[in-house]
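Engineer: Next comes the structure file run33.txt, holding compact mmCIF, N, CA and C atoms.
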# COMPACT_ATOMS: atom_id res chain seq x y z
N MET A 29 -26.95 8.30 2.66
CA MET A 29 -26.31 8.84 1.47
C MET A 29 -24.84 8.40 1.40
N GLN A 30 -24.17 8.31 2.53
CA GLN A 30 -22.77 7.92 2.53
C GLN A 30 -22.62 6.47 2.07
N THR A 31 -23.59 5.62 2.38
CA THR A 31 -23.52 4.23 1.95
C THR A 31 -23.51 4.15 0.43
N ASN A 32 -24.32 4.95 -0.24
CA ASN A 32 -24.34 4.93 -1.70
C ASN A 32 -22.99 5.34 -2.28
N THR A 33 -22.39 6.38 -1.71
CA THR A 33 -21.08 6.82 -2.18
C THR A 33 -20.05 5.73 -1.92
N SER A 34 -20.11 5.12 -0.74
CA SER A 34 -19.18 4.06 -0.39
C SER A 34 -19.34 2.87 -1.33
N MET A 35 -20.58 2.50 -1.60
CA MET A 35 -20.83 1.37 -2.50
C MET A 35 -20.36 1.68 -3.91
N LYS A 36 -20.56 2.92 -4.37
CA LYS A 36 -20.10 3.28 -5.71
C LYS A 36 -18.59 3.20 -5.77
N ASN A 37 -17.90 3.71 -4.74
CA ASN A 37 -16.45 3.60 -4.72
C ASN A 37 -16.01 2.15 -4.71
N LEU A 38 -16.70 1.32 -3.95
CA LEU A 38 -16.38 -0.10 -3.91
C LEU A 38 -16.63 -0.74 -5.27
N ASP A 39 -17.72 -0.36 -5.92
CA ASP A 39 -18.00 -0.87 -7.26
C ASP A 39 -16.90 -0.48 -8.24
N ASP A 40 -16.50 0.78 -8.19
CA ASP A 40 -15.44 1.26 -9.08
C ASP A 40 -14.12 0.57 -8.80
N MET A 41 -13.80 0.41 -7.51
CA MET A 41 -12.55 -0.24 -7.15
C MET A 41 -12.56 -1.71 -7.58
N THR A 42 -13.69 -2.38 -7.42
CA THR A 42 -13.81 -3.78 -7.82
C THR A 42 -13.63 -3.91 -9.33
N ALA A 43 -14.25 -3.02 -10.08
CA ALA A 43 -14.08 -3.04 -11.54
C ALA A 43 -12.63 -2.80 -11.92
N GLU A 44 -11.95 -1.90 -11.20
CA GLU A 44 -10.54 -1.64 -11.46
C GLU A 44 -9.69 -2.88 -11.17
N VAL A 45 -9.99 -3.56 -10.08
CA VAL A 45 -9.26 -4.79 -9.72
C VAL A 45 -9.44 -5.84 -10.81
N ILE A 46 -10.66 -6.02 -11.26
CA ILE A 46 -10.94 -7.01 -12.30
C ILE A 46 -10.17 -6.66 -13.58
N GLY A 47 -10.17 -5.38 -13.94
CA GLY A 47 -9.44 -4.94 -15.14
C GLY A 47 -7.94 -5.13 -15.00
N LEU A 48 -7.38 -4.78 -13.84
CA LEU A 48 -5.94 -4.97 -13.62
C LEU A 48 -5.56 -6.44 -13.68
N GLY A 49 -6.39 -7.29 -13.10
CA GLY A 49 -6.12 -8.73 -13.14
C GLY A 49 -6.14 -9.27 -14.56
N ARG A 50 -7.12 -8.85 -15.33
CA ARG A 50 -7.21 -9.28 -16.73
C ARG A 50 -6.01 -8.79 -17.52
N GLN A 51 -5.61 -7.53 -17.30
CA GLN A 51 -4.44 -7.00 -18.00
C GLN A 51 -3.17 -7.77 -17.64
N ALA A 52 -3.01 -8.10 -16.36
CA ALA A 52 -1.84 -8.86 -15.93
C ALA A 52 -1.83 -10.24 -16.59
N ALA A 53 -2.97 -10.90 -16.62
CA ALA A 53 -3.05 -12.22 -17.25
C ALA A 53 -2.75 -12.13 -18.74
N ASP A 54 -3.30 -11.14 -19.42
CA ASP A 54 -3.03 -10.97 -20.85
C ASP A 54 -1.55 -10.72 -21.11
N ARG A 55 -0.94 -9.87 -20.30
CA ARG A 55 0.47 -9.54 -20.48
C ARG A 55 1.35 -10.77 -20.20
N ALA A 56 1.00 -11.53 -19.16
CA ALA A 56 1.78 -12.74 -18.83
C ALA A 56 1.70 -13.76 -19.96
N LEU A 57 0.54 -13.87 -20.59
CA LEU A 57 0.40 -14.81 -21.70
C LEU A 57 1.16 -14.33 -22.93
N ALA A 58 1.23 -13.05 -23.14
CA ALA A 58 1.91 -12.50 -24.31
C ALA A 58 3.42 -12.60 -24.20
N LEU A 59 3.99 -12.64 -23.00
CA LEU A 59 5.45 -12.58 -22.87
C LEU A 59 6.18 -13.85 -23.33
N PRO A 60 6.01 -15.01 -22.97
CA PRO A 60 5.43 -15.57 -21.75
C PRO A 60 6.32 -15.32 -20.55
N ALA A 61 5.72 -15.35 -19.38
CA ALA A 61 6.45 -15.06 -18.14
C ALA A 61 7.09 -16.33 -17.59
N GLY A 62 8.33 -16.21 -17.17
CA GLY A 62 9.07 -17.34 -16.60
C GLY A 62 10.26 -17.69 -17.48
N ASP A 63 11.25 -18.31 -16.87
CA ASP A 63 12.47 -18.69 -17.60
C ASP A 63 12.37 -20.04 -18.28
N THR A 64 11.43 -20.87 -17.83
CA THR A 64 11.27 -22.21 -18.41
C THR A 64 9.84 -22.39 -18.88
N THR A 65 9.62 -23.42 -19.68
CA THR A 65 8.25 -23.69 -20.12
C THR A 65 7.38 -24.10 -18.94
N GLN A 66 7.98 -24.76 -17.94
CA GLN A 66 7.22 -25.11 -16.74
C GLN A 66 6.77 -23.86 -15.99
N ASP A 67 7.69 -22.91 -15.84
CA ASP A 67 7.33 -21.64 -15.17
C ASP A 67 6.22 -20.93 -15.94
N ALA A 68 6.36 -20.86 -17.26
CA ALA A 68 5.37 -20.17 -18.08
C ALA A 68 4.00 -20.84 -17.96
N ALA A 69 3.98 -22.18 -17.95
CA ALA A 69 2.72 -22.91 -17.82
C ALA A 69 2.10 -22.66 -16.44
N PHE A 70 2.96 -22.64 -15.41
CA PHE A 70 2.47 -22.38 -14.06
C PHE A 70 1.86 -20.99 -13.97
N VAL A 71 2.55 -19.99 -14.52
CA VAL A 71 2.04 -18.61 -14.50
C VAL A 71 0.70 -18.54 -15.22
N ARG A 72 0.60 -19.20 -16.38
CA ARG A 72 -0.68 -19.20 -17.12
C ARG A 72 -1.80 -19.79 -16.27
N ARG A 73 -1.52 -20.92 -15.60
CA ARG A 73 -2.55 -21.55 -14.76
C ARG A 73 -2.95 -20.64 -13.60
N CYS A 74 -1.95 -20.03 -12.97
CA CYS A 74 -2.24 -19.17 -11.81
C CYS A 74 -3.07 -17.94 -12.19
N LEU A 75 -2.79 -17.41 -13.36
CA LEU A 75 -3.47 -16.17 -13.76
C LEU A 75 -4.71 -16.40 -14.61
N ALA A 76 -5.03 -17.67 -14.88
CA ALA A 76 -6.20 -17.97 -15.71
C ALA A 76 -7.48 -17.41 -15.11
N THR A 77 -7.63 -17.49 -13.80
CA THR A 77 -8.85 -16.97 -13.17
C THR A 77 -8.94 -15.46 -13.33
N LEU A 78 -7.78 -14.78 -13.42
CA LEU A 78 -7.80 -13.33 -13.62
C LEU A 78 -8.29 -13.00 -15.02
N LYS A 79 -7.87 -13.80 -15.98
CA LYS A 79 -8.32 -13.59 -17.36
C LYS A 79 -9.84 -13.79 -17.45
N ASP A 80 -10.35 -14.72 -16.63
CA ASP A 80 -11.78 -15.00 -16.61
C ASP A 80 -12.54 -14.06 -15.67
N ARG A 81 -11.87 -13.01 -15.22
CA ARG A 81 -12.47 -11.98 -14.36
C ARG A 81 -12.95 -12.55 -13.02
N GLN A 82 -12.09 -13.39 -12.42
CA GLN A 82 -12.38 -14.01 -11.12
C GLN A 82 -11.27 -13.68 -10.12
N PRO A 83 -11.02 -12.42 -9.81
CA PRO A 83 -9.86 -12.07 -9.00
C PRO A 83 -9.99 -12.34 -7.50
N PHE A 84 -11.17 -12.70 -7.03
CA PHE A 84 -11.36 -12.83 -5.60
C PHE A 84 -11.50 -14.28 -5.14
N ASN A 85 -11.12 -15.22 -5.98
CA ASN A 85 -11.21 -16.62 -5.65
C ASN A 85 -10.09 -16.98 -4.66
N PRO A 86 -10.43 -17.32 -3.41
CA PRO A 86 -9.39 -17.60 -2.41
C PRO A 86 -8.58 -18.84 -2.74
N LYS A 87 -9.08 -19.70 -3.59
CA LYS A 87 -8.39 -20.93 -3.98
C LYS A 87 -7.02 -20.63 -4.61
N TYR A 88 -6.89 -19.48 -5.26
CA TYR A 88 -5.67 -19.14 -5.98
C TYR A 88 -4.84 -18.08 -5.27
N GLU A 89 -5.09 -17.88 -3.99
CA GLU A 89 -4.43 -16.83 -3.23
C GLU A 89 -2.90 -16.94 -3.28
N GLY A 90 -2.36 -18.12 -3.04
CA GLY A 90 -0.91 -18.30 -3.02
C GLY A 90 -0.27 -18.28 -4.39
N GLY A 91 -1.05 -18.49 -5.43
CA GLY A 91 -0.51 -18.54 -6.79
C GLY A 91 0.14 -17.24 -7.21
N CYS A 92 -0.44 -16.14 -6.83
CA CYS A 92 0.13 -14.84 -7.22
C CYS A 92 1.48 -14.61 -6.55
N ASP A 93 1.62 -15.05 -5.31
CA ASP A 93 2.92 -14.93 -4.64
C ASP A 93 3.98 -15.76 -5.36
N ALA A 94 3.60 -16.95 -5.78
CA ALA A 94 4.53 -17.80 -6.53
C ALA A 94 4.89 -17.17 -7.87
N VAL A 95 3.92 -16.55 -8.52
CA VAL A 95 4.17 -15.87 -9.80
C VAL A 95 5.15 -14.72 -9.58
N LEU A 96 4.98 -13.97 -8.50
CA LEU A 96 5.91 -12.87 -8.21
C LEU A 96 7.33 -13.39 -7.99
N ARG A 97 7.47 -14.54 -7.35
CA ARG A 97 8.81 -15.12 -7.16
C ARG A 97 9.42 -15.53 -8.50
N ILE A 98 8.60 -16.10 -9.37
CA ILE A 98 9.08 -16.47 -10.71
C ILE A 98 9.50 -15.22 -11.47
N LEU A 99 8.71 -14.16 -11.37
CA LEU A 99 9.05 -12.91 -12.05
C LEU A 99 10.35 -12.33 -11.49
N ASP A 100 10.54 -12.40 -10.19
CA ASP A 100 11.79 -11.91 -9.58
C ASP A 100 13.00 -12.61 -10.21
N ARG A 101 12.92 -13.94 -10.33
CA ARG A 101 14.03 -14.70 -10.93
C ARG A 101 14.23 -14.34 -12.39
N SER A 102 13.14 -14.23 -13.12
CA SER A 102 13.22 -13.91 -14.55
C SER A 102 13.79 -12.51 -14.77
N ILE A 103 13.37 -11.58 -13.97
CA ILE A 103 13.85 -10.20 -14.09
C ILE A 103 15.34 -10.14 -13.79
N ALA A 104 15.77 -10.85 -12.75
CA ALA A 104 17.20 -10.87 -12.40
C ALA A 104 18.04 -11.40 -13.56
N SER A 105 17.51 -12.39 -14.27
CA SER A 105 18.28 -12.96 -15.38
C SER A 105 18.30 -12.05 -16.61
N GLU A 106 17.44 -11.04 -16.63
CA GLU A 106 17.37 -10.12 -17.76
C GLU A 106 18.11 -8.81 -17.49
N CYS A 107 18.79 -8.72 -16.34
CA CYS A 107 19.53 -7.51 -16.00
C CYS A 107 20.83 -7.45 -16.80
N LEU A 108 21.02 -6.36 -17.53
CA LEU A 108 22.22 -6.18 -18.37
C LEU A 108 23.34 -5.47 -17.65
N GLY A 109 23.03 -4.81 -16.55
CA GLY A 109 24.03 -4.06 -15.80
C GLY A 109 23.37 -2.95 -15.01
N MET A 110 24.20 -2.02 -14.57
CA MET A 110 23.71 -0.89 -13.77
C MET A 110 24.15 0.41 -14.42
N GLU A 111 23.37 1.48 -14.16
CA GLU A 111 23.75 2.80 -14.63
C GLU A 111 23.33 3.84 -13.59
N GLU A 112 24.01 4.97 -13.62
CA GLU A 112 23.67 6.08 -12.70
C GLU A 112 22.56 6.91 -13.33
N LYS A 113 21.53 7.19 -12.54
CA LYS A 113 20.42 8.03 -12.99
C LYS A 113 20.04 8.99 -11.88
N PHE A 114 19.58 10.18 -12.29
CA PHE A 114 19.07 11.16 -11.34
C PHE A 114 17.69 10.71 -10.89
N GLN A 115 17.49 10.59 -9.59
CA GLN A 115 16.20 10.23 -9.03
C GLN A 115 15.68 11.42 -8.24
N GLN A 116 14.59 11.99 -8.71
CA GLN A 116 14.02 13.17 -8.05
C GLN A 116 13.39 12.76 -6.72
N THR A 117 13.72 13.52 -5.67
CA THR A 117 13.17 13.26 -4.35
C THR A 117 12.28 14.40 -3.86
N GLY A 118 12.28 15.49 -4.56
CA GLY A 118 11.47 16.63 -4.16
C GLY A 118 11.61 17.77 -5.15
N HIS A 119 11.03 18.89 -4.78
CA HIS A 119 11.05 20.06 -5.65
C HIS A 119 10.95 21.29 -4.74
N ASP A 120 11.77 22.29 -5.02
CA ASP A 120 11.68 23.53 -4.26
C ASP A 120 11.76 24.71 -5.22
N GLU A 121 11.97 25.93 -4.67
CA GLU A 121 11.98 27.12 -5.53
C GLU A 121 13.12 27.12 -6.55
N TYR A 122 14.14 26.29 -6.32
CA TYR A 122 15.26 26.22 -7.26
C TYR A 122 15.10 25.13 -8.31
N GLY A 123 14.06 24.35 -8.18
CA GLY A 123 13.81 23.29 -9.15
C GLY A 123 13.81 21.91 -8.51
N PRO A 124 13.96 20.88 -9.34
CA PRO A 124 13.93 19.51 -8.82
C PRO A 124 15.11 19.23 -7.88
N GLN A 125 14.83 18.50 -6.84
CA GLN A 125 15.85 18.06 -5.89
C GLN A 125 15.95 16.54 -5.99
N GLY A 126 17.15 16.03 -5.82
CA GLY A 126 17.29 14.58 -5.88
C GLY A 126 18.73 14.16 -5.72
N GLU A 127 18.97 12.94 -6.13
CA GLU A 127 20.31 12.37 -6.01
C GLU A 127 20.55 11.38 -7.14
N MET A 128 21.80 11.10 -7.38
CA MET A 128 22.17 10.10 -8.37
C MET A 128 22.12 8.73 -7.70
N GLN A 129 21.50 7.78 -8.37
CA GLN A 129 21.40 6.43 -7.84
C GLN A 129 21.73 5.43 -8.94
N GLU A 130 22.28 4.30 -8.54
CA GLU A 130 22.51 3.23 -9.49
C GLU A 130 21.21 2.46 -9.65
N VAL A 131 20.80 2.29 -10.90
CA VAL A 131 19.58 1.55 -11.20
C VAL A 131 19.90 0.47 -12.22
N PRO A 132 19.17 -0.64 -12.16
CA PRO A 132 19.44 -1.71 -13.12
C PRO A 132 18.97 -1.34 -14.53
N VAL A 133 19.68 -1.88 -15.51
CA VAL A 133 19.30 -1.75 -16.91
C VAL A 133 18.89 -3.14 -17.38
N TYR A 134 17.70 -3.23 -17.97
CA TYR A 134 17.16 -4.52 -18.38
C TYR A 134 17.07 -4.63 -19.90
N SER A 135 17.06 -5.87 -20.35
CA SER A 135 16.78 -6.14 -21.75
C SER A 135 15.33 -5.71 -22.03
N GLU A 136 14.92 -5.75 -23.28
CA GLU A 136 13.54 -5.38 -23.62
C GLU A 136 12.56 -6.31 -22.91
N ARG A 137 12.87 -7.61 -22.94
CA ARG A 137 12.00 -8.58 -22.25
C ARG A 137 12.01 -8.31 -20.75
N GLY A 138 13.17 -7.99 -20.18
CA GLY A 138 13.26 -7.67 -18.76
C GLY A 138 12.40 -6.49 -18.39
N ALA A 139 12.41 -5.46 -19.23
CA ALA A 139 11.58 -4.28 -18.98
C ALA A 139 10.10 -4.65 -19.01
N GLU A 140 9.72 -5.53 -19.93
CA GLU A 140 8.33 -5.98 -19.99
C GLU A 140 7.96 -6.80 -18.76
N LEU A 141 8.90 -7.61 -18.28
CA LEU A 141 8.65 -8.39 -17.07
C LEU A 141 8.50 -7.47 -15.85
N VAL A 142 9.30 -6.40 -15.79
CA VAL A 142 9.17 -5.43 -14.70
C VAL A 142 7.79 -4.78 -14.75
N GLU A 143 7.33 -4.43 -15.94
CA GLU A 143 5.99 -3.84 -16.08
C GLU A 143 4.92 -4.82 -15.60
N LEU A 144 5.07 -6.09 -15.97
CA LEU A 144 4.12 -7.11 -15.52
C LEU A 144 4.16 -7.24 -14.01
N GLN A 145 5.34 -7.26 -13.44
CA GLN A 145 5.49 -7.35 -11.99
C GLN A 145 4.80 -6.17 -11.30
N ASN A 146 5.01 -4.97 -11.80
CA ASN A 146 4.37 -3.79 -11.23
C ASN A 146 2.85 -3.85 -11.36
N LEU A 147 2.37 -4.33 -12.50
CA LEU A 147 0.94 -4.46 -12.73
C LEU A 147 0.34 -5.48 -11.76
N LEU A 148 1.03 -6.61 -11.59
CA LEU A 148 0.53 -7.63 -10.68
C LEU A 148 0.55 -7.14 -9.23
N LYS A 149 1.58 -6.41 -8.85
CA LYS A 149 1.63 -5.85 -7.49
C LYS A 149 0.51 -4.84 -7.27
N ALA A 150 0.25 -3.99 -8.26
CA ALA A 150 -0.85 -3.02 -8.15
C ALA A 150 -2.19 -3.75 -8.03
N PHE A 151 -2.36 -4.81 -8.81
CA PHE A 151 -3.57 -5.63 -8.73
C PHE A 151 -3.75 -6.19 -7.33
N LEU A 152 -2.69 -6.79 -6.78
CA LEU A 152 -2.78 -7.41 -5.46
C LEU A 152 -3.07 -6.39 -4.37
N GLU A 153 -2.44 -5.23 -4.48
CA GLU A 153 -2.67 -4.17 -3.48
C GLU A 153 -4.12 -3.68 -3.52
N LYS A 154 -4.63 -3.44 -4.72
CA LYS A 154 -6.01 -2.95 -4.84
C LYS A 154 -7.02 -4.04 -4.48
N ARG A 155 -6.70 -5.29 -4.82
CA ARG A 155 -7.59 -6.40 -4.44
C ARG A 155 -7.68 -6.50 -2.92
N ASP A 156 -6.54 -6.38 -2.24
CA ASP A 156 -6.55 -6.44 -0.77
C ASP A 156 -7.37 -5.29 -0.19
N THR A 157 -7.29 -4.12 -0.80
CA THR A 157 -8.07 -2.98 -0.33
C THR A 157 -9.57 -3.26 -0.47
N VAL A 158 -9.97 -3.82 -1.61
CA VAL A 158 -11.39 -4.15 -1.81
C VAL A 158 -11.83 -5.19 -0.78
N LEU A 159 -11.02 -6.22 -0.58
CA LEU A 159 -11.38 -7.25 0.40
C LEU A 159 -11.47 -6.67 1.82
N ASP A 160 -10.59 -5.73 2.14
CA ASP A 160 -10.65 -5.06 3.45
C ASP A 160 -11.94 -4.25 3.59
N LEU A 161 -12.32 -3.54 2.53
CA LEU A 161 -13.55 -2.75 2.58
C LEU A 161 -14.78 -3.64 2.72
N VAL A 162 -14.80 -4.75 2.02
CA VAL A 162 -15.92 -5.69 2.14
C VAL A 162 -16.00 -6.25 3.56
N ALA A 163 -14.85 -6.63 4.10
CA ALA A 163 -14.82 -7.16 5.47
C ALA A 163 -15.29 -6.09 6.46
N ALA A 164 -14.89 -4.85 6.24
CA ALA A 164 -15.31 -3.76 7.14
C ALA A 164 -16.82 -3.56 7.06
N GLN A 165 -17.37 -3.59 5.85
CA GLN A 165 -18.81 -3.42 5.71
C GLN A 165 -19.57 -4.57 6.37
N GLN A 166 -19.07 -5.79 6.20
CA GLN A 166 -19.72 -6.93 6.83
C GLN A 166 -19.67 -6.82 8.36
N PHE A 167 -18.55 -6.35 8.88
CA PHE A 167 -18.42 -6.15 10.32
C PHE A 167 -19.41 -5.09 10.80
N LEU A 168 -19.50 -3.99 10.09
CA LEU A 168 -20.41 -2.91 10.49
C LEU A 168 -21.86 -3.36 10.45
N ILE A 169 -22.20 -4.17 9.48
CA ILE A 169 -23.58 -4.69 9.41
C ILE A 169 -23.87 -5.56 10.62
N LYS A 170 -22.91 -6.38 11.04
CA LYS A 170 -23.11 -7.27 12.19
C LYS A 170 -23.29 -6.48 13.48
N ILE A 171 -22.53 -5.40 13.67
CA ILE A 171 -22.62 -4.69 14.94
C ILE A 171 -23.81 -3.74 15.00
N THR A 172 -24.41 -3.43 13.85
CA THR A 172 -25.57 -2.54 13.86
C THR A 172 -26.87 -3.32 13.92
N VAL A 173 -26.81 -4.62 13.77
CA VAL A 173 -28.05 -5.43 13.78
C VAL A 173 -28.39 -5.82 15.18
The structure given in the file should be rewritten as structure tokens.

Structural biologist:
Amino acid sequence: MQTNTSMKNLDDMTAEVIGLGRQAADRALALPAGDTTQDAAFVRRCLATLKDRQPFNPKYEGGCDAVLRILDRSIASECLGMEEKFQQTGHDEYGPQGEMQEVPVYSERGAELVELQNLLKAFLEKRDTVLDLVAAQQFLIKITV
């Protein structure tokens, strides 16, 4: 019975990874991502397999890291300055607890690039989790046979 639950969770997680990858590819195409036309074309090529719902192709493993580096540069160029904001760190009987921190202020495009970066990072994290679960299941099958 636990195997069925585990497989269902793996199925759900895999579907979530595929959806996150497709969303990241769609968002990157809509922006376009990158400071130059070369960067934008590279990002499109790297994320094309995600748009086609192929997030587990090892051939494109390094492409996402390169896209994140391009996004880092693009986001830095869209920073308009810094501002002080309250960042909540906890909550107690007296209310929210936290501290004032300087945070970057981005242009509208910069904010969209930050969202894309966060989406791509979430995709990569969840994809790695799915790949770890698959590897664990394959290992368990080998030791039980």

Engineer: Within 12 Å of Ala150 of chain A, counting only C-alpha atoms, which residues show up once you throw out same-chain ones fewer than 5 positions away? Write them as number ranges by chain, please.

Structural biologist: A: 44-49, 51-52, 92, 96, 143-145, 155-157

Engineer: Given the point (20.2, -8.1, -15.8) in the coordinates of this file, which residues lie within 8 Å, counting all atoms listed in the file, and how would they look as a PyMOL selection string?

Structural biologist: chain A and resi 102-110+132-135+138

Engineer: Give me, please, the distance in Å between atom CA of Asn85 of chain A and atom C of Ala139 of chain A, quoted to one decimal.

Structural biologist: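 Value for the atom CA of Asn85 of chain A-atom C of Ala139 of chain A distance: 27.9 Å.
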
Engineer: Run DSSP on the backbone and tell me which residues of chain A come out as helix (DSSP H, G or I); list them as a PyMOL selection string.

Structural biologist: chain A and resi 30-58+65-79+86-105+136-172

Engineer: Could you pull out all residues of segment 40-172 of chain A with a DSSP call of strand (DSSP E) and give them as a PyMOL selection string?

Structural biologist: chain A and resi 107-120+123-134

Engineer: State, in Å with one decimal place, the distance from atom C of Ala56 of chain A to atom N of Glu136 of chain A.

Structural biologist: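 Atom-to-atom, atom C of Ala56 of chain A to atom N of Glu136 of chain A, that is 15.8 Å.
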
Engineer: Distance atom CA of Phe70 of chain A-atom CA of Met41 of chain A, one decimal place?

Structural biologist: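 Computed distance, atom CA of Phe70 of chain A to atom CA of Met41 of chain A, equals 27.6 Å.
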
Engineer: Could you tell me which of A:Ile98, A:Gln165, A:Gln125, A:Asp160 comes closest to Thr65 of chain A if we count only C-alpha atoms?

Structural biologist: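 Checking each of A:Ile98, A:Gln165, A:Gln125, A:Asp160 against Thr65 of chain A, counting only C-alpha atoms, the winner is A:Ile98.
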
Engineer: Would you pick out the contacts of Arg72 of chain A at 9 Å or less, using only C-alpha atoms, so that residues sharing its chain but fewer than 4 positions from it are not included, and give the list as a ChimeraX atom specification?

Structural biologist: /A:53,56-57,60-61,67-68,76

Engineer: Have a look at A:Glu112, A:Asn146, A:Asn37, A:Gly90 and name the one nearest to Val131 of chain A; count all atoms listed in the file.

Structural biologist: A:Glu112

Engineer: Provide an axis-aligned box for all listed atoms of segment 95-100 of chain A, padding each side by 8 Å; report its centre and its edge lengths in Å to one decimal, as lines of an AutoDock Vina configuration file.

Structural biologist:
center_x = 8.5
center_y = -14.2
center_z = -9.6
size_x = 25.1
size_y = 20.6
size_z = 20.9
